[in-house]
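Please read the structure below before turning to the comments.
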Amino acid sequence: MKPELDARFFPLIFDSISHAIFTIDSDGKITSFNRMAEELTGYDRDEAIGRPCSTILKSSHCKSFCPLKSSIDSGRGEDDREVTIVTKSGHSLPIAVSTAALRNQQGNVIGGVEMFRDLRLVVELRKSLHKSYIFEDIVSKNHQMTHIFETLPLVANSRSTVLIEGASGTGKELIARAIHNLGPRKEYPFVAINCGAVPDTLIESELFGYKKGAFTDAKHDKPGRFAMAEGGTLLLDEIGDLSRQMQVKLLRVLQEREYEPLGSTETVKADVRIIASTNHDLARDVSKHRFRQDLYYRLNIVLIKLPPLNERKEDTTLLAEHFIERFNTLQGRRITGCSERVLSALMRYPFPGNIRELENAIEHAFVVCIDNTIQMDDLPAHILDHLSIDEHKSSAKRLPLEDAAAETIRTVLESNNYNRTRAARVLGVSRNTLWRKMKKYKISAP
């Protein structure tokens, strides 16, 4: 007969475990709190016991989804859910949480137990691993983007005007914010205005403000965007949509560093760094006399050209993972990623709306996904329609035997986890031959 463990040792064991542990009763109040929990949260057990766990941990999931409450309600445990808590000193602490329901001898749930561990080192290692991919909030491993990352600190610390060119949805405002945040003006405002979204009759007052009585409805003074950005940075988004008349007025501000609010006779000095962005090719617009040449040269001191997502395909899966992580945090979900078919589909789709369209596609998938992995049916209809048309066109061009060959190659690749060496061995061809066949049949590895 095995000797029973003396209950006197339970508190010692509880405090000797390297993970933080606490228990709660059926009312959600803490009933025990071990030494490591004290160490990580900064609260003594005397402060914690008897209080609701949400007032001690202040987790990012407390309001949206509580893993411990979920375990108590469902009877099922949660393993290694990553959350962030706020310590007693007010610092954020990333932790991995595991929870389970506590039952009495009759099998009734009487509370719950939560174990958590410090993830700070893991988070730092992740940052170190991805530091070449993530710059501020910009995610990329594309060589053109990497070059832009390298030059941004130099651009940020200069006083020069910057022109950012790129199609809609490529992240022009993110680049502008990065320049602001990396520079000496980061403690001052960052103000943006979309020049294409404001009517010509209002754009002047939006930029320069107006004085009381300047026009019929001017009941009081109103500062413009230049005044709001004083000391900081003003982003003139879609500057290619400005009328020729406003281009002249903006040129004067850039040259003289001063402007006049509407209805005022006094000039105001402007200590503002200008960043302009556009989805136009401004040099071509200048040649067609749609944009003033002198203003173009004033803006184009430093030119940053952002490639469309279709030219940085290697970023598609990286961005998808980034958006999944973001929406998991925002929505309290635990989606682990995309299926191989979805990743392959995302790589094939051209994304005319660029990064913004990819972000919207992932957000749509979060709304309709009922599993923990995004499947093909979770993608927006327009993406699925485009892919089905593409597949129909490519299959129509192939002979039946070629269809069979393509399907065989795809099946063997999938069964070998897309390891080309093993797949080539199974098919009895060389690795180079398999690669050529994959290119011919447009089979892409996820």
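Ligands are numbered from 1 in the order shown, residues from 1 within each chain, and chains are lettered A, B, ... in the order they appear in the structure tokens.
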
Practice task
Would you please give, as a ChimeraX atom specification, all residues of segment 61-303 of chain A that DSSP assigns to alpha helix (DSSP H) based on the backbone?
Solution key: /A:67-74,120-130,143-156,172-182,200-208,225-228,244-256,282-287,293-299

List as JSON lines every residue of segment 193-240 of chain A that is in contact with segment 257-280 of chain A, defined as an atom at most 7 Å from one of its atoms (using only C-alpha atoms), together with the nearest atom pair and the distance in Å rounded to one decimal, sorted by chain and then rising number.
{"residue": "A:Ser205", "atom": "CA", "partner": "A:Leu262", "partner_atom": "CA", "distance": 6.4}
{"residue": "A:Phe208", "atom": "CA", "partner": "A:Pro261", "partner_atom": "CA", "distance": 4.9}
{"residue": "A:Gly209", "atom": "CA", "partner": "A:Pro261", "partner_atom": "CA", "distance": 5.1}
{"residue": "A:Tyr210", "atom": "CA", "partner": "A:Leu262", "partner_atom": "CA", "distance": 4.3}
{"residue": "A:Lys211", "atom": "CA", "partner": "A:Gly263", "partner_atom": "CA", "distance": 5.3}
{"residue": "A:Ala214", "atom": "CA", "partner": "A:Gly263", "partner_atom": "CA", "distance": 4.3}
{"residue": "A:Phe226", "atom": "CA", "partner": "A:Ala270", "partner_atom": "CA", "distance": 6.9}
{"residue": "A:Ala229", "atom": "CA", "partner": "A:Val272", "partner_atom": "CA", "distance": 6.4}
{"residue": "A:Glu230", "atom": "CA", "partner": "A:Val272", "partner_atom": "CA", "distance": 5.4}
{"residue": "A:Gly231", "atom": "CA", "partner": "A:Asp271", "partner_atom": "CA", "distance": 5.3}
{"residue": "A:Gly232", "atom": "CA", "partner": "A:Val272", "partner_atom": "CA", "distance": 5.5}
{"residue": "A:Thr233", "atom": "CA", "partner": "A:Arg273", "partner_atom": "CA", "distance": 4.7}
{"residue": "A:Leu234", "atom": "CA", "partner": "A:Ile274", "partner_atom": "CA", "distance": 5.2}
{"residue": "A:Leu235", "atom": "CA", "partner": "A:Ile275", "partner_atom": "CA", "distance": 4.8}
{"residue": "A:Leu236", "atom": "CA", "partner": "A:Ala276", "partner_atom": "CA", "distance": 4.6}
{"residue": "A:Asp237", "atom": "CA", "partner": "A:Ser277", "partner_atom": "CA", "distance": 4.8}
{"residue": "A:Glu238", "atom": "CA", "partner": "A:Thr278", "partner_atom": "CA", "distance": 4.2}
{"residue": "A:Ile239", "atom": "CA", "partner": "A:Thr278", "partner_atom": "CA", "distance": 5.7}
{"residue": "A:Gly240", "atom": "CA", "partner": "A:Thr278", "partner_atom": "CA", "distance": 5.9}

Exercise for the section: Using only C-alpha atoms, determine which residues lie at most 12 Å from segment 409-419 of chain A, disregarding the query and same-chain residues fewer than 2 positions distant; provide the list as a ChimeraX atom specification. Expected result: /A:339-341,344,402-407,421-429,431,433-446

Compile a residue-level contact table for segment 88-191 of chain A against segment 8-20 of chain A at a cut-off of 9 Å, reporting for every qualifying residue the shortest atom pair and its distance in Å to one decimal, with only C-alpha atoms counted, rows ordered by chain and ascending number, as a tab-separated table.
residue	atom	partner	partner_atom	distance
A:Glu114	CA	A:Ala20	CA	8.2
A:Met115	CA	A:Ala20	CA	5.5
A:Phe116	CA	A:Ala20	CA	5.2
A:Arg117	CA	A:His19	CA	5.4
A:Asp118	CA	A:His19	CA	8.3

Exercise for the section: Could you check which of A:Gly213, A:Cys195, A:Ala227, A:Cys62 is closest to Gln247 of chain A, using only C-alpha atoms? Expected result: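 Of the candidates, the smallest distance to Gln247 of chain A is held by A:Cys195.
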
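Residues with any atom within 10 Å of Arg290 of chain A, counting only C-alpha atoms and excluding same-chain neighbours fewer than 2 positions away, are Gly240, Asp241, Leu242, Ser243, Arg244, Leu282, Ala283, Arg284, Asp285, Val286, Ser287, Lys288, Arg292 and Gln293 of chain A.
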
Exercise for the section: Provide the atom CA of Thr373 of chain A to atom CA of Ser168 of chain A distance in Å, to one decimal place. Expected result: 29.1 Å

Please identify the strand (DSSP E) residues within segment 119-284 of chain A (assignment by DSSP from backbone atoms) and present them as a short mmCIF file (atom, residue, chain, number, x, y, z; two decimals) with N, CA and C atoms, in the first residue's frame.
data_model
loop_
_atom_site.label_atom_id
_atom_site.label_comp_id
_atom_site.auth_asym_id
_atom_site.auth_seq_id
_atom_site.Cartn_x
_atom_site.Cartn_y
_atom_site.Cartn_z
N ILE A 134 9.54 43.38 -39.49
CA ILE A 134 8.60 44.37 -38.95
C ILE A 134 9.33 45.66 -38.61
N PHE A 135 8.89 46.75 -39.20
CA PHE A 135 9.47 48.06 -38.96
C PHE A 135 8.33 48.98 -38.61
N ILE A 138 4.97 48.24 -40.13
CA ILE A 138 5.07 47.81 -41.52
C ILE A 138 5.72 46.43 -41.56
N VAL A 139 5.05 45.48 -42.21
CA VAL A 139 5.51 44.10 -42.22
C VAL A 139 5.97 43.73 -43.62
N VAL A 162 9.08 65.03 -48.09
CA VAL A 162 9.10 63.65 -48.60
C VAL A 162 7.87 63.44 -49.47
N LEU A 163 8.07 62.76 -50.59
CA LEU A 163 6.96 62.37 -51.47
C LEU A 163 6.90 60.85 -51.49
N ILE A 164 5.74 60.30 -51.12
CA ILE A 164 5.54 58.85 -51.12
C ILE A 164 4.57 58.49 -52.24
N GLU A 165 5.03 57.67 -53.18
CA GLU A 165 4.18 57.24 -54.28
C GLU A 165 3.86 55.76 -54.15
N PHE A 190 0.97 64.48 -35.32
CA PHE A 190 0.97 63.98 -36.69
C PHE A 190 -0.45 64.17 -37.20
N VAL A 191 -0.61 65.00 -38.23
CA VAL A 191 -1.94 65.33 -38.75
C VAL A 191 -2.00 64.92 -40.22
N ALA A 192 -3.09 64.27 -40.62
CA ALA A 192 -3.25 63.84 -42.01
C ALA A 192 -4.52 64.44 -42.60
N ILE A 193 -4.46 64.75 -43.87
CA ILE A 193 -5.66 65.20 -44.60
C ILE A 193 -5.65 64.55 -45.98
N ASN A 194 -6.79 64.00 -46.38
CA ASN A 194 -6.93 63.43 -47.72
C ASN A 194 -7.40 64.52 -48.66
N THR A 233 4.15 67.04 -37.90
CA THR A 233 4.18 66.60 -39.29
C THR A 233 2.78 66.67 -39.89
N LEU A 234 2.69 67.17 -41.13
CA LEU A 234 1.43 67.21 -41.86
C LEU A 234 1.54 66.30 -43.07
N LEU A 235 0.67 65.29 -43.14
CA LEU A 235 0.63 64.41 -44.30
C LEU A 235 -0.46 64.90 -45.26
N LEU A 236 -0.06 65.26 -46.46
CA LEU A 236 -1.00 65.67 -47.51
C LEU A 236 -1.23 64.46 -48.40
N ASP A 237 -2.24 63.66 -48.03
CA ASP A 237 -2.51 62.42 -48.75
C ASP A 237 -3.24 62.72 -50.06
N GLU A 258 5.02 80.17 -44.53
CA GLU A 258 3.99 80.96 -43.88
C GLU A 258 2.71 80.92 -44.72
N TYR A 259 1.58 81.25 -44.10
CA TYR A 259 0.30 81.21 -44.79
C TYR A 259 -0.65 82.22 -44.14
N VAL A 268 0.88 83.80 -40.91
CA VAL A 268 1.22 82.94 -39.77
C VAL A 268 2.39 82.06 -40.17
N LYS A 269 3.41 82.02 -39.33
CA LYS A 269 4.57 81.16 -39.59
C LYS A 269 4.17 79.70 -39.43
N ARG A 273 6.62 69.93 -40.72
CA ARG A 273 7.27 69.10 -41.75
C ARG A 273 6.19 68.55 -42.67
N ILE A 274 6.41 68.67 -43.98
CA ILE A 274 5.43 68.23 -44.97
C ILE A 274 5.84 66.87 -45.54
N ILE A 275 4.90 65.93 -45.49
CA ILE A 275 5.03 64.67 -46.22
C ILE A 275 3.83 64.59 -47.16
N ALA A 276 4.07 64.35 -48.43
CA ALA A 276 2.99 64.23 -49.41
C ALA A 276 2.93 62.79 -49.91
N SER A 277 1.73 62.32 -50.20
CA SER A 277 1.61 60.97 -50.77
C SER A 277 0.58 60.99 -51.88
N THR A 278 0.72 60.05 -52.81
CA THR A 278 -0.18 60.02 -53.96
C THR A 278 -0.19 58.64 -54.59
#

Problem - Pairwise distance for atom CA of His220 of chain A and atom CA of Gly196 of chain A, rounded to one decimal in Å - result: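 If I compute the distance from atom CA of His220 of chain A to atom CA of Gly196 of chain A, I get 26.1 Å.
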
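Note that the spacing between atom CA of Cys66 of chain A and atom CA of Ala361 of chain A amounts to 27.2 Å.
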
Exercise for the section: Would you kindly return, as a PyMOL selection string, each protein, DNA or RNA residue with an atom no farther than 10 Å from any atom of segment 80-96 of chain A, considering only C-alpha atoms and excluding same-chain residues fewer than 5 positions away? Expected result: chain A and resi 38-44+54-62+67+115-123+329+332+334
